[in-house]
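This report refers to the structure that appears directly beneath it.
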Amino acid sequence: MASEDVVGKSRSDTAVTTIVNLAEEAKLAREGVKGPGHQVLTVCKSLVAGGVAGGVSRTAVAPLERLKILLQVQNPHTIKYNGTIQGLKYIWRTEGLRGLFKGNGTNCARIVPNSAVKFFSYEQAAKGILWAYRQQTGDEDAQLSPLLRLGAGACAGIIAMSATYPMDMVRGRITVQTDKSPYQYRGMFHALSTVYREEGFRALYRGWLPSVIGVVPYVGLNFAVYESLKDWLLQTNPFGLANDNELHVVTRLGCGAVAGTIGQTVAYPLDVIRRRMQMVGWSHADSIVTGKGKEALQYNGMVDAFRKTVRHEGVGALYKGLVPNSVKVVPSIAIAFVTYEVVKDVLGVEMRID
């Protein structure tokens with residue numbers, strides 16, 4: 001009985017302590033002081049918001065994403081996809097509805113942590129850069145310039161991309177394979193293990209260098225242009241677009257669309273080279289990559305890939321798939337930004353992109 005009393009007392013004390021702690025944190029929150037668990041909860045909510053934004057935006061444009069990759073890597077001797085409309089119709093006719101969304105599961109599995117880390121990293125990088133800038137200038141009211149926003153966006157993009165690059169590499173191969181491919185990856189984990197076993201660890205990072213270089217204009221300009229446009233609209237309020245120092249969702253959508261268009265156009269040739277390098281060493285590739293009776297081009301690096309692509313197919317090859325990508329990237333980036341901020345509002349996250 002004595003032991004039961006001790007246990008009962010211990011449980012009672014624990015419950016009372018928990019209630020007191022919760023009440024104390026609630027009191028501190030009302031007074032504007034954050035409790036110990038507040039920062040951790042805020043960070044988790046911010047990561048969830050970024051993940052949801054990435055998953056929703058990519059799923060919405062999955063058919064265009066797959067067509068873009070097919071156009072980027074298809075062998076010039078085996079042309080199956082010739083334009084946006086024809087390409088989508090061909091996929092529908094030969095592979096059905098599932099073909100339009102092939103690789104989307106892997107893409108979402110990759111993009112959710114990628115977007116979460118990217119958005120969160122940007123906020124932390126922006127805060128750090130702003131603090132250092134204010135310390136250097138002595139102006140406590142100083143704000144981030146477009147150049148500083150570019151630096152924060154580039155840092156966030158490189159961190160996120162590097163952390164999830166092997167998933168992106170196998171996602172590209174899964175997206176390209178068809179029902180007629182000589183060997184089928186059964187999913188992301190099977191593809192990762194197969195590439196590692198047959199081609200080695202370094203194969204999982206093929207195309208990483210052009211990806212890093214492309215991060216600066218792509219992600220950097222996305223964030224910089226979007227935030228600069230939003231700040232300008234709030235300050236000038238043209239056509240009454242700002243209401244109570246807030247922009248309407250449609251206006252934020254437009255800012256994201258402009259930012260996405262500029263970023264993807266500048267970085268697109270690097271994206272084409274990245275995809276082509278990811279296909280190197282794939283012994284079981286579909287004829288869309290190898291060509292019928294032709295040997296697929298082998299690249300010894302980024303510069304070699306640029307040189308051979310231009311030599312054999314012309315400069316225009318560096319922009320293969322640009323049309324579906326343009327149609328895709330505008331709503332994709334815009335939806336990602338808007339979804340991120342909406343989810344943050346719903347979750348009550350106080351960290352904002354300043």
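In the structure tokens, chains take the letters A, B, ... in the order shown, each chain's residues start at 1, and ligands count up from 1 in the order shown.
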
Checklist entry - Among stretch 76-231 of chain A, which residues carry a DSSP assignment of alpha helix (DSSP H), reported as a PyMOL selection string? => result chain A and resi 84-100+104-137+146-176+188-199+208-215+221-231

Next on the checklist: Just want the 8 Å neighbourhood of stretch 103-115 of chain A, counted on only C-alpha atoms, with same-chain residues fewer than 3 positions away dropped. Output as a PyMOL selection string.
Outcome noted: chain A and resi 50-55+58-59+62+66+118-119+160-161+163-164+167-168+171-172+174-175+187-188

Just write the chosen residues, N, CA and C atoms, as a tab-separated table (two decimals), in the first residue's frame.
```tsv
chain	number	residue	atom	x	y	z
A	50	GLY	N	6.52	24.94	-44.78
A	50	GLY	CA	7.35	24.82	-45.99
A	50	GLY	C	7.14	23.50	-46.69
A	51	GLY	N	7.00	22.43	-45.94
A	51	GLY	CA	6.78	21.12	-46.54
A	51	GLY	C	5.45	21.03	-47.26
A	52	VAL	N	4.41	21.54	-46.64
A	52	VAL	CA	3.08	21.53	-47.27
A	52	VAL	C	3.09	22.36	-48.54
A	53	ALA	N	3.75	23.52	-48.49
A	53	ALA	CA	3.82	24.39	-49.68
A	53	ALA	C	4.48	23.67	-50.84
A	54	GLY	N	5.60	22.98	-50.58
A	54	GLY	CA	6.29	22.28	-51.65
A	54	GLY	C	5.49	21.12	-52.20
A	55	GLY	N	4.88	20.34	-51.33
A	55	GLY	CA	4.10	19.19	-51.79
A	55	GLY	C	2.88	19.58	-52.61
A	58	ARG	N	3.99	21.11	-56.21
A	58	ARG	CA	4.53	20.14	-57.16
A	58	ARG	C	3.46	19.18	-57.67
A	59	THR	N	2.58	18.76	-56.79
A	59	THR	CA	1.51	17.85	-57.22
A	59	THR	C	0.59	18.52	-58.24
A	62	ALA	N	2.38	18.22	-61.72
A	62	ALA	CA	3.16	17.00	-61.97
A	62	ALA	C	3.23	16.58	-63.44
A	66	ARG	N	6.87	16.14	-65.50
A	66	ARG	CA	7.38	14.94	-66.13
A	66	ARG	C	7.71	15.20	-67.60
A	118	LYS	N	14.43	24.60	-47.06
A	118	LYS	CA	14.73	25.80	-47.84
A	118	LYS	C	14.07	27.04	-47.24
A	119	PHE	N	12.77	26.95	-46.96
A	119	PHE	CA	12.07	28.10	-46.41
A	119	PHE	C	12.60	28.45	-45.02
A	160	ALA	N	19.35	23.16	-48.86
A	160	ALA	CA	18.22	22.27	-49.09
A	160	ALA	C	18.50	21.30	-50.24
A	161	MET	N	19.07	21.80	-51.32
A	161	MET	CA	19.35	20.95	-52.48
A	161	MET	C	20.38	19.88	-52.16
A	163	ALA	N	21.08	18.57	-49.29
A	163	ALA	CA	20.57	17.60	-48.33
A	163	ALA	C	19.70	16.53	-49.00
A	164	THR	N	19.05	16.88	-50.09
A	164	THR	CA	18.10	15.95	-50.71
A	164	THR	C	18.47	15.58	-52.14
A	167	MET	N	17.85	12.00	-53.71
A	167	MET	CA	16.44	11.75	-53.99
A	167	MET	C	16.03	12.38	-55.31
A	168	ASP	N	16.57	13.56	-55.61
A	168	ASP	CA	16.26	14.23	-56.87
A	168	ASP	C	16.85	13.46	-58.04
A	171	ARG	N	14.77	10.45	-58.65
A	171	ARG	CA	13.46	10.91	-59.12
A	171	ARG	C	13.47	11.19	-60.62
A	172	GLY	N	14.59	11.76	-61.10
A	172	GLY	CA	14.72	12.01	-62.53
A	172	GLY	C	14.67	10.72	-63.34
A	174	ILE	N	13.34	7.76	-62.37
A	174	ILE	CA	12.01	7.15	-62.27
A	174	ILE	C	11.02	7.87	-63.18
A	175	THR	N	11.16	9.17	-63.30
A	175	THR	CA	10.28	9.96	-64.15
A	175	THR	C	10.46	9.60	-65.62
A	187	GLY	N	10.58	2.03	-56.90
A	187	GLY	CA	10.29	3.14	-56.01
A	187	GLY	C	11.56	3.86	-55.64
A	188	MET	N	11.43	4.88	-54.82
A	188	MET	CA	12.57	5.72	-54.48
A	188	MET	C	13.67	4.94	-53.76
```

Next on the checklist: Env of A:Ile273: 8 Å cut, atoms = only C-alpha atoms, seq-sep filter 6 positions within chain, self excluded. Answer as a VMD selection string.
Outcome noted: chain A and resid 207 210 302 305 to 306 318

Would you save the residues from that selection as a PDB file, in the first residue's frame, using all heavy atoms?
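Output file result35.pdb is given in full below:
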```pdb
ATOM      1  N   GLY A 207      25.614  15.596 -61.488  1.00  0.00           N
ATOM      2  CA  GLY A 207      24.866  16.804 -61.795  1.00  0.00           C
ATOM      3  C   GLY A 207      24.751  17.758 -60.626  1.00  0.00           C
ATOM      4  O   GLY A 207      24.069  18.783 -60.727  1.00  0.00           O
ATOM      5  N   PRO A 210      26.284  21.680 -61.463  1.00  0.00           N
ATOM      6  CA  PRO A 210      25.403  22.646 -62.126  1.00  0.00           C
ATOM      7  C   PRO A 210      24.166  22.979 -61.283  1.00  0.00           C
ATOM      8  O   PRO A 210      23.602  24.074 -61.414  1.00  0.00           O
ATOM      9  CB  PRO A 210      25.013  21.949 -63.436  1.00  0.00           C
ATOM     10  CG  PRO A 210      25.323  20.507 -63.238  1.00  0.00           C
ATOM     11  CD  PRO A 210      26.484  20.472 -62.280  1.00  0.00           C
ATOM     12  N   MET A 302      30.521  18.866 -66.142  1.00  0.00           N
ATOM     13  CA  MET A 302      29.569  19.897 -66.538  1.00  0.00           C
ATOM     14  C   MET A 302      29.988  20.600 -67.822  1.00  0.00           C
ATOM     15  O   MET A 302      29.182  20.778 -68.740  1.00  0.00           O
ATOM     16  CB  MET A 302      29.415  20.921 -65.410  1.00  0.00           C
ATOM     17  CG  MET A 302      28.390  22.016 -65.702  1.00  0.00           C
ATOM     18  SD  MET A 302      28.309  23.241 -64.382  1.00  0.00           S
ATOM     19  CE  MET A 302      29.916  24.033 -64.549  1.00  0.00           C
ATOM     20  N   ALA A 305      29.575  18.375 -70.778  1.00  0.00           N
ATOM     21  CA  ALA A 305      28.163  18.210 -71.115  1.00  0.00           C
ATOM     22  C   ALA A 305      27.641  19.409 -71.895  1.00  0.00           C
ATOM     23  O   ALA A 305      26.895  19.258 -72.878  1.00  0.00           O
ATOM     24  CB  ALA A 305      27.344  18.018 -69.834  1.00  0.00           C
ATOM     25  N   PHE A 306      28.028  20.608 -71.490  1.00  0.00           N
ATOM     26  CA  PHE A 306      27.640  21.818 -72.233  1.00  0.00           C
ATOM     27  C   PHE A 306      28.189  21.758 -73.656  1.00  0.00           C
ATOM     28  O   PHE A 306      27.470  22.025 -74.628  1.00  0.00           O
ATOM     29  CB  PHE A 306      28.175  23.062 -71.523  1.00  0.00           C
ATOM     30  CG  PHE A 306      27.207  23.697 -70.570  1.00  0.00           C
ATOM     31  CD1 PHE A 306      27.417  23.633 -69.208  1.00  0.00           C
ATOM     32  CD2 PHE A 306      26.081  24.363 -71.034  1.00  0.00           C
ATOM     33  CE1 PHE A 306      26.534  24.210 -68.315  1.00  0.00           C
ATOM     34  CE2 PHE A 306      25.189  24.949 -70.159  1.00  0.00           C
ATOM     35  CZ  PHE A 306      25.413  24.872 -68.789  1.00  0.00           C
ATOM     36  N   LEU A 318      19.743  23.592 -75.063  1.00  0.00           N
ATOM     37  CA  LEU A 318      19.851  24.018 -73.669  1.00  0.00           C
ATOM     38  C   LEU A 318      18.530  24.535 -73.121  1.00  0.00           C
ATOM     39  O   LEU A 318      18.404  24.770 -71.908  1.00  0.00           O
ATOM     40  CB  LEU A 318      20.921  25.111 -73.540  1.00  0.00           C
ATOM     41  CG  LEU A 318      22.350  24.702 -73.894  1.00  0.00           C
ATOM     42  CD1 LEU A 318      23.274  25.904 -73.822  1.00  0.00           C
ATOM     43  CD2 LEU A 318      22.849  23.594 -72.965  1.00  0.00           C
TER      44      LEU A 318
END
```

Can I get the residues of stretch 189-223 of chain A within 12 Å of stretch 228-252 of chain A, each with the closest pair of atoms and their distance in Å to one decimal, using only C-alpha atoms, sorted chain first then ascending number, as JSON lines?
```
{"residue": "A:Gly220", "atom": "CA", "partner": "A:Ser228", "partner_atom": "CA", "distance": 11.9}
{"residue": "A:Leu221", "atom": "CA", "partner": "A:Ser228", "partner_atom": "CA", "distance": 10.1}
{"residue": "A:Asn222", "atom": "CA", "partner": "A:Ser228", "partner_atom": "CA", "distance": 10.1}
{"residue": "A:Phe223", "atom": "CA", "partner": "A:Ser228", "partner_atom": "CA", "distance": 8.3}
```

Please write the residues from the selection above to a file, keeping N, CA and C atoms, as a PDB file, in the first residue's frame.
```pdb
ATOM      1  N   GLY A 220      17.762  32.173 -55.479  1.00  0.00           N
ATOM      2  CA  GLY A 220      18.077  33.517 -55.018  1.00  0.00           C
ATOM      3  C   GLY A 220      17.167  34.570 -55.607  1.00  0.00           C
ATOM      4  N   LEU A 221      17.006  34.537 -56.933  1.00  0.00           N
ATOM      5  CA  LEU A 221      16.139  35.524 -57.571  1.00  0.00           C
ATOM      6  C   LEU A 221      14.677  35.311 -57.211  1.00  0.00           C
ATOM      7  N   ASN A 222      14.255  34.068 -57.026  1.00  0.00           N
ATOM      8  CA  ASN A 222      12.872  33.817 -56.613  1.00  0.00           C
ATOM      9  C   ASN A 222      12.545  34.570 -55.332  1.00  0.00           C
ATOM     10  N   PHE A 223      13.372  34.361 -54.327  1.00  0.00           N
ATOM     11  CA  PHE A 223      13.139  35.013 -53.044  1.00  0.00           C
ATOM     12  C   PHE A 223      13.315  36.527 -53.139  1.00  0.00           C
TER      13      PHE A 223
END
```

Next on the checklist: Let me make sure I understand: among A:Val315, A:Ala60, A:Cys255, A:Ala285, which one has the smallest atom-to-atom distance to A:Lys180 if we use only C-alpha atoms?
Outcome noted: A:Ala285

Item to check | Residue contacts of A:Val61 (8 Å, only C-alpha atoms) excluding same-chain residues fewer than 4 positions away, as a list in words | outcome: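 What passes the distance filter is Ser57, Glu65, Lys328 and Ser332 of chain A.
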
Go ahead and write the selection's residues with all heavy atoms as a PDB file, in the first residue's frame.
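Once written, selection-v2.pdb looks like this:
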```pdb
ATOM      1  N   SER A  57       2.321  22.426 -54.309  1.00  0.00           N
ATOM      2  CA  SER A  57       2.666  23.077 -55.575  1.00  0.00           C
ATOM      3  C   SER A  57       3.163  22.073 -56.614  1.00  0.00           C
ATOM      4  O   SER A  57       2.808  22.150 -57.790  1.00  0.00           O
ATOM      5  CB  SER A  57       3.725  24.160 -55.338  1.00  0.00           C
ATOM      6  OG  SER A  57       4.931  23.589 -54.869  1.00  0.00           O
ATOM      7  N   GLU A  65       5.742  18.703 -65.181  1.00  0.00           N
ATOM      8  CA  GLU A  65       7.086  18.420 -64.670  1.00  0.00           C
ATOM      9  C   GLU A  65       7.671  17.195 -65.349  1.00  0.00           C
ATOM     10  O   GLU A  65       8.837  17.181 -65.736  1.00  0.00           O
ATOM     11  CB  GLU A  65       7.024  18.220 -63.153  1.00  0.00           C
ATOM     12  CG  GLU A  65       8.322  17.766 -62.526  1.00  0.00           C
ATOM     13  CD  GLU A  65       9.409  18.827 -62.522  1.00  0.00           C
ATOM     14  OE1 GLU A  65       9.107  20.008 -62.846  1.00  0.00           O
ATOM     15  OE2 GLU A  65      10.560  18.480 -62.221  1.00  0.00           O
ATOM     16  N   LYS A 328       4.596  25.509 -66.087  1.00  0.00           N
ATOM     17  CA  LYS A 328       4.600  24.837 -64.795  1.00  0.00           C
ATOM     18  C   LYS A 328       5.117  25.716 -63.670  1.00  0.00           C
ATOM     19  O   LYS A 328       4.516  25.774 -62.585  1.00  0.00           O
ATOM     20  CB  LYS A 328       5.472  23.577 -64.869  1.00  0.00           C
ATOM     21  CG  LYS A 328       5.761  22.931 -63.532  1.00  0.00           C
ATOM     22  CD  LYS A 328       6.853  21.902 -63.633  1.00  0.00           C
ATOM     23  CE  LYS A 328       8.209  22.538 -63.803  1.00  0.00           C
ATOM     24  NZ  LYS A 328       8.701  23.224 -62.568  1.00  0.00           N
ATOM     25  N   SER A 332       3.499  26.975 -59.973  1.00  0.00           N
ATOM     26  CA  SER A 332       4.145  26.166 -58.945  1.00  0.00           C
ATOM     27  C   SER A 332       4.815  27.034 -57.889  1.00  0.00           C
ATOM     28  O   SER A 332       4.571  26.861 -56.681  1.00  0.00           O
ATOM     29  CB  SER A 332       5.190  25.240 -59.589  1.00  0.00           C
ATOM     30  OG  SER A 332       5.880  24.509 -58.608  1.00  0.00           O
TER      31      SER A 332
END
```

Checklist entry - Within 7 Å of A:Leu67, counting only C-alpha atoms, which residues qualify if same-chain residues fewer than 3 places away don't, as a PyMOL selection string? => result chain A and resi 63-64+70-71+87-88

Written selection (all heavy atoms) as a JSON list (two decimals), in the first residue's frame:
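The resulting file, result-v9.json, is reproduced below:
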```json
[["chain", "number", "residue", "atom", "x", "y", "z"],
["A", 63, "PRO", "N", 2.13, 16.61, -64.22],
["A", 63, "PRO", "CA", 2.23, 16.22, -65.63],
["A", 63, "PRO", "C", 3.21, 17.08, -66.43],
["A", 63, "PRO", "O", 3.97, 16.55, -67.25],
["A", 63, "PRO", "CB", 0.79, 16.38, -66.14],
["A", 63, "PRO", "CG", -0.06, 16.21, -64.93],
["A", 63, "PRO", "CD", 0.72, 16.86, -63.83],
["A", 64, "LEU", "N", 3.20, 18.37, -66.19],
["A", 64, "LEU", "CA", 4.12, 19.26, -66.90],
["A", 64, "LEU", "C", 5.56, 19.03, -66.45],
["A", 64, "LEU", "O", 6.49, 19.14, -67.24],
["A", 64, "LEU", "CB", 3.72, 20.72, -66.65],
["A", 64, "LEU", "CG", 2.42, 21.17, -67.32],
["A", 64, "LEU", "CD1", 1.98, 22.52, -66.78],
["A", 64, "LEU", "CD2", 2.58, 21.24, -68.83],
["A", 70, "LEU", "N", 11.34, 14.70, -69.67],
["A", 70, "LEU", "CA", 11.43, 13.85, -70.86],
["A", 70, "LEU", "C", 11.99, 14.63, -72.04],
["A", 70, "LEU", "O", 12.81, 14.11, -72.81],
["A", 70, "LEU", "CB", 10.05, 13.28, -71.20],
["A", 70, "LEU", "CG", 9.52, 12.20, -70.25],
["A", 70, "LEU", "CD1", 8.04, 11.94, -70.52],
["A", 70, "LEU", "CD2", 10.32, 10.92, -70.38],
["A", 71, "LEU", "N", 11.56, 15.87, -72.21],
["A", 71, "LEU", "CA", 12.08, 16.70, -73.30],
["A", 71, "LEU", "C", 13.55, 17.03, -73.09],
["A", 71, "LEU", "O", 14.32, 17.12, -74.06],
["A", 71, "LEU", "CB", 11.25, 17.99, -73.40],
["A", 71, "LEU", "CG", 9.82, 17.84, -73.95],
["A", 71, "LEU", "CD1", 9.06, 19.14, -73.77],
["A", 71, "LEU", "CD2", 9.85, 17.45, -75.43],
["A", 87, "GLY", "N", 3.22, 16.21, -76.46],
["A", 87, "GLY", "CA", 3.85, 15.39, -75.45],
["A", 87, "GLY", "C", 2.87, 14.87, -74.41],
["A", 87, "GLY", "O", 2.90, 13.70, -74.03],
["A", 88, "LEU", "N", 2.00, 15.75, -73.94],
["A", 88, "LEU", "CA", 1.00, 15.33, -72.94],
["A", 88, "LEU", "C", 0.02, 14.32, -73.54],
["A", 88, "LEU", "O", -0.36, 13.34, -72.88],
["A", 88, "LEU", "CB", 0.24, 16.56, -72.42],
["A", 88, "LEU", "CG", 1.05, 17.53, -71.55],
["A", 88, "LEU", "CD1", 0.22, 18.77, -71.24],
["A", 88, "LEU", "CD2", 1.50, 16.85, -70.25]]
```

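Distance annotation: of A:Ala317, A:Ala203, A:Ile129, A:Val56, the residue with the minimal separation from A:Arg149 is A:Ile129; atom set is only C-alpha atoms.
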
Item to check | Using only C-alpha atoms: which of A:His284, A:Val323, A:Leu253, A:Lys102 has the shortest distance to A:Val176 | outcome: A:Lys102

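Separating atom CA of A:Val346 from atom CA of A:Phe120 is a distance of 16.9 Å.
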
Checklist entry - What lies within 12 Å of A:Ala132 using only C-alpha atoms, ignoring chain neighbours under 6 positions off, as a list in words? => result Ala125, Ala126, Gly138, Asp139, Glu140, Ala142, Gln143, Leu144 and Leu148 of chain A

Same residues, N, CA, C and O atoms, saved as a PDB file, in the first residue's frame:
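The resulting file, selection_21.pdb, is reproduced below:
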```pdb
ATOM      1  N   ALA A 125      18.734  32.519 -42.347  1.00  0.00           N
ATOM      2  CA  ALA A 125      19.818  33.232 -43.027  1.00  0.00           C
ATOM      3  C   ALA A 125      19.498  34.717 -43.144  1.00  0.00           C
ATOM      4  O   ALA A 125      20.372  35.573 -42.936  1.00  0.00           O
ATOM      5  N   ALA A 126      18.244  35.037 -43.469  1.00  0.00           N
ATOM      6  CA  ALA A 126      17.842  36.433 -43.599  1.00  0.00           C
ATOM      7  C   ALA A 126      17.966  37.164 -42.264  1.00  0.00           C
ATOM      8  O   ALA A 126      18.431  38.312 -42.211  1.00  0.00           O
ATOM      9  N   GLY A 138      25.263  50.213 -38.048  1.00  0.00           N
ATOM     10  CA  GLY A 138      24.830  50.955 -36.871  1.00  0.00           C
ATOM     11  C   GLY A 138      23.411  51.454 -36.963  1.00  0.00           C
ATOM     12  O   GLY A 138      22.957  52.232 -36.117  1.00  0.00           O
ATOM     13  N   ASP A 139      22.685  51.016 -37.993  1.00  0.00           N
ATOM     14  CA  ASP A 139      21.295  51.428 -38.201  1.00  0.00           C
ATOM     15  C   ASP A 139      20.367  50.290 -37.786  1.00  0.00           C
ATOM     16  O   ASP A 139      20.252  49.286 -38.479  1.00  0.00           O
ATOM     17  N   GLU A 140      19.709  50.459 -36.637  1.00  0.00           N
ATOM     18  CA  GLU A 140      18.834  49.404 -36.128  1.00  0.00           C
ATOM     19  C   GLU A 140      17.558  49.249 -36.944  1.00  0.00           C
ATOM     20  O   GLU A 140      16.832  48.271 -36.788  1.00  0.00           O
ATOM     21  N   ALA A 142      17.586  49.353 -40.323  1.00  0.00           N
ATOM     22  CA  ALA A 142      17.961  48.941 -41.690  1.00  0.00           C
ATOM     23  C   ALA A 142      17.209  47.673 -42.083  1.00  0.00           C
ATOM     24  O   ALA A 142      16.884  46.832 -41.250  1.00  0.00           O
ATOM     25  N   GLN A 143      16.913  47.559 -43.381  1.00  0.00           N
ATOM     26  CA  GLN A 143      16.203  46.394 -43.922  1.00  0.00           C
ATOM     27  C   GLN A 143      17.077  45.711 -44.969  1.00  0.00           C
ATOM     28  O   GLN A 143      18.050  46.298 -45.466  1.00  0.00           O
ATOM     29  N   LEU A 144      16.729  44.486 -45.297  1.00  0.00           N
ATOM     30  CA  LEU A 144      17.497  43.735 -46.289  1.00  0.00           C
ATOM     31  C   LEU A 144      17.363  44.353 -47.669  1.00  0.00           C
ATOM     32  O   LEU A 144      16.247  44.642 -48.123  1.00  0.00           O
ATOM     33  N   LEU A 148      21.192  41.396 -50.537  1.00  0.00           N
ATOM     34  CA  LEU A 148      21.258  40.582 -49.331  1.00  0.00           C
ATOM     35  C   LEU A 148      20.192  39.489 -49.343  1.00  0.00           C
ATOM     36  O   LEU A 148      20.413  38.378 -48.854  1.00  0.00           O
TER      37      LEU A 148
END
```

Test item, strand (DSSP E or B) assignment across stretch 83-312 of chain A, answer as a CSV table (one decimal) with N, CA and C atoms, in the first residue's frame:
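Result file is selection.csv:
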```
chain,number,residue,atom,x,y,z
A,242,ALA,N,-2.8,47.0,-51.3
A,242,ALA,CA,-2.5,46.7,-49.9
A,242,ALA,C,-3.6,47.1,-49.0
A,243,ASN,N,-4.0,46.3,-48.1
A,243,ASN,CA,-5.1,46.6,-47.2
A,243,ASN,C,-4.6,46.3,-45.8
A,246,GLU,N,-1.3,44.6,-45.5
A,246,GLU,CA,-1.3,43.2,-46.0
A,246,GLU,C,-1.7,43.1,-47.5
A,247,LEU,N,-1.1,42.2,-48.2
A,247,LEU,CA,-1.5,42.0,-49.6
A,247,LEU,C,-2.5,40.9,-49.8
```

Checklist entry - atom CA of A:Ser283 to atom CA of A:Ala191: how many Å, to one decimal? => result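 Separation between atom CA of A:Ser283 and atom CA of A:Ala191: 13.2 Å.
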
Next on the checklist: Report, in Å with one decimal, the straight-line distance from atom CA of A:Asn75 to atom CA of A:Arg276.
Outcome noted: 10.0 Å
